[in-house]
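A.B. asks: Here it is, the structure in full.
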Amino acid sequence: MMAEVYDFEQFKSKKEMKRVTQENIVYEIYLSTVKYVRQYSSADPVGHITTDLSLYRLFEGDRQLFHKAFKDLTDYWKIEVDSNIDYTAGKEFEAFPTVGHLCTFIEGRIKGNDA
């Protein structure tokens with residue numbers, strides 16, 4: 001019986017590639033979210049848009065502006081959304097209170113598509 005030779009360097013390379021790819025996806029999610037939030041935001045945020053900024057504040061409570069950004073973002077990521085499941089109409093800012101919540105939603109949906 002002959003033992004298989006295990007290529008540990010290849011394993012490390014694959015593991016590193018997966019880690020870097022995952023970091024890049026997270027970064028792309030954040031950048032795309034910021035892009036569309038900034039594009040439709042009625043507020044002019046001082047400084048950088050961070051994950052803890054309130055979407056209600058950035059859109060000044062305007063649900064139509066939020067929906068425009070949300071649609072462009074879900075189109076960008078090719079995510080299908082069901083407003084009856086993903087959020088309740090009229091309660092968008094409760095479902096997605098911050099930029100971070102929106103990023104987490106997208107990341108979860110992308111990972112769900114990979115499974």
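Chain labels run A, B, ... following the order of the structure tokens; each chain numbers its residues from 1, and ligands are numbered from 1 in the order shown.
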For Arg109 in chain A, list every protein, DNA or RNA residue within 10 Å, evaluated using only C-alpha atoms, and leave out those in the same chain fewer than 2 positions away; present the list as a ChimeraX atom specification.
C.D. replies: /A:74,77-81,103-107,111-114
A.B. asks: For those residues, write C-alpha atoms to a file as a CSV table (one decimal), in the first residue's frame.
C.D. replies:
```
chain,number,residue,atom,x,y,z
A,74,THR,CA,-29.0,44.2,-5.7
A,77,TRP,CA,-24.7,41.7,-7.1
A,78,LYS,CA,-27.5,39.8,-9.0
A,79,ILE,CA,-29.4,39.3,-5.8
A,80,GLU,CA,-33.1,38.6,-6.0
A,81,VAL,CA,-35.1,40.3,-3.3
A,103,CYS,CA,-23.3,45.0,3.7
A,104,THR,CA,-24.0,42.0,5.9
A,105,PHE,CA,-27.3,41.3,4.0
A,106,ILE,CA,-25.4,41.3,0.6
A,107,GLU,CA,-22.6,39.2,2.0
A,111,LYS,CA,-22.5,33.3,0.3
A,112,GLY,CA,-26.0,31.7,0.0
A,113,ASN,CA,-25.6,31.7,-3.8
A,114,ASP,CA,-22.2,29.9,-3.5
```
A.B. asks: Excluding same-chain residues fewer than 3 positions from Asp62 in chain A, what lies within 10 Å of it counting only C-alpha atoms, as number ranges by chain?
C.D. replies: A: 40-42, 55-59, 65-67, 93
A.B. asks: Residues as selected, N, CA and C atoms, written as an mmCIF file, in the first residue's frame, can you do that?
C.D. replies:
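Result written to result-v9.cif:
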```cif
data_model
loop_
_atom_site.group_PDB
_atom_site.id
_atom_site.type_symbol
_atom_site.label_atom_id
_atom_site.label_comp_id
_atom_site.auth_asym_id
_atom_site.auth_seq_id
_atom_site.Cartn_x
_atom_site.Cartn_y
_atom_site.Cartn_z
ATOM 1 N N TYR A 40 -27.314 58.064 -4.099
ATOM 2 C CA TYR A 40 -28.712 58.406 -3.858
ATOM 3 C C TYR A 40 -28.959 59.122 -2.533
ATOM 4 N N SER A 41 -27.948 59.250 -1.733
ATOM 5 C CA SER A 41 -28.104 59.879 -0.424
ATOM 6 C C SER A 41 -28.523 61.332 -0.567
ATOM 7 N N SER A 42 -29.489 61.719 0.251
ATOM 8 C CA SER A 42 -29.917 63.113 0.236
ATOM 9 C C SER A 42 -29.101 63.931 1.231
ATOM 10 N N LEU A 55 -28.562 54.554 7.845
ATOM 11 C CA LEU A 55 -29.136 54.725 6.506
ATOM 12 C C LEU A 55 -30.295 55.708 6.548
ATOM 13 N N TYR A 56 -31.035 55.699 7.639
ATOM 14 C CA TYR A 56 -32.142 56.652 7.782
ATOM 15 C C TYR A 56 -31.599 58.075 7.690
ATOM 16 N N ARG A 57 -30.491 58.308 8.362
ATOM 17 C CA ARG A 57 -29.882 59.642 8.339
ATOM 18 C C ARG A 57 -29.321 59.985 6.961
ATOM 19 N N LEU A 58 -28.659 59.018 6.337
ATOM 20 C CA LEU A 58 -28.060 59.280 5.028
ATOM 21 C C LEU A 58 -29.114 59.567 3.956
ATOM 22 N N PHE A 59 -30.266 58.887 4.052
ATOM 23 C CA PHE A 59 -31.347 59.108 3.093
ATOM 24 C C PHE A 59 -32.398 60.071 3.631
ATOM 25 N N LEU A 65 -35.548 57.005 -2.115
ATOM 26 C CA LEU A 65 -34.113 57.080 -2.401
ATOM 27 C C LEU A 65 -33.409 55.804 -1.953
ATOM 28 N N PHE A 66 -33.804 55.297 -0.773
ATOM 29 C CA PHE A 66 -33.233 54.040 -0.304
ATOM 30 C C PHE A 66 -33.507 52.929 -1.324
ATOM 31 N N HIS A 67 -34.740 52.846 -1.813
ATOM 32 C CA HIS A 67 -35.105 51.797 -2.766
ATOM 33 C C HIS A 67 -34.303 51.895 -4.061
ATOM 34 N N PHE A 93 -35.798 50.911 6.987
ATOM 35 C CA PHE A 93 -34.735 51.425 7.844
ATOM 36 C C PHE A 93 -34.638 50.651 9.154
#
```
A.B. asks: Kindly give the distance, in Å, that separates CA of Leu73 in chain A and CA of Ser32 in chain A, rounded to a single decimal.
C.D. replies: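 Going from CA of Leu73 in chain A over to CA of Ser32 in chain A covers 7.0 Å.
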A.B. asks: One decimal, in Å: what's the spacing between CA of Ser54 in chain A and CA of Val34 in chain A?
C.D. replies: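 For CA of Ser54 in chain A relative to CA of Val34 in chain A, the distance reads 12.3 Å.
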A.B. asks: Looking at only C-alpha atoms, which of A:Thr50, A:Thr98, A:Asn84, A:Thr33 is the one that sits closest to Phe70 in chain A?
C.D. replies: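 Smallest separation from Phe70 in chain A among the options: A:Thr33.
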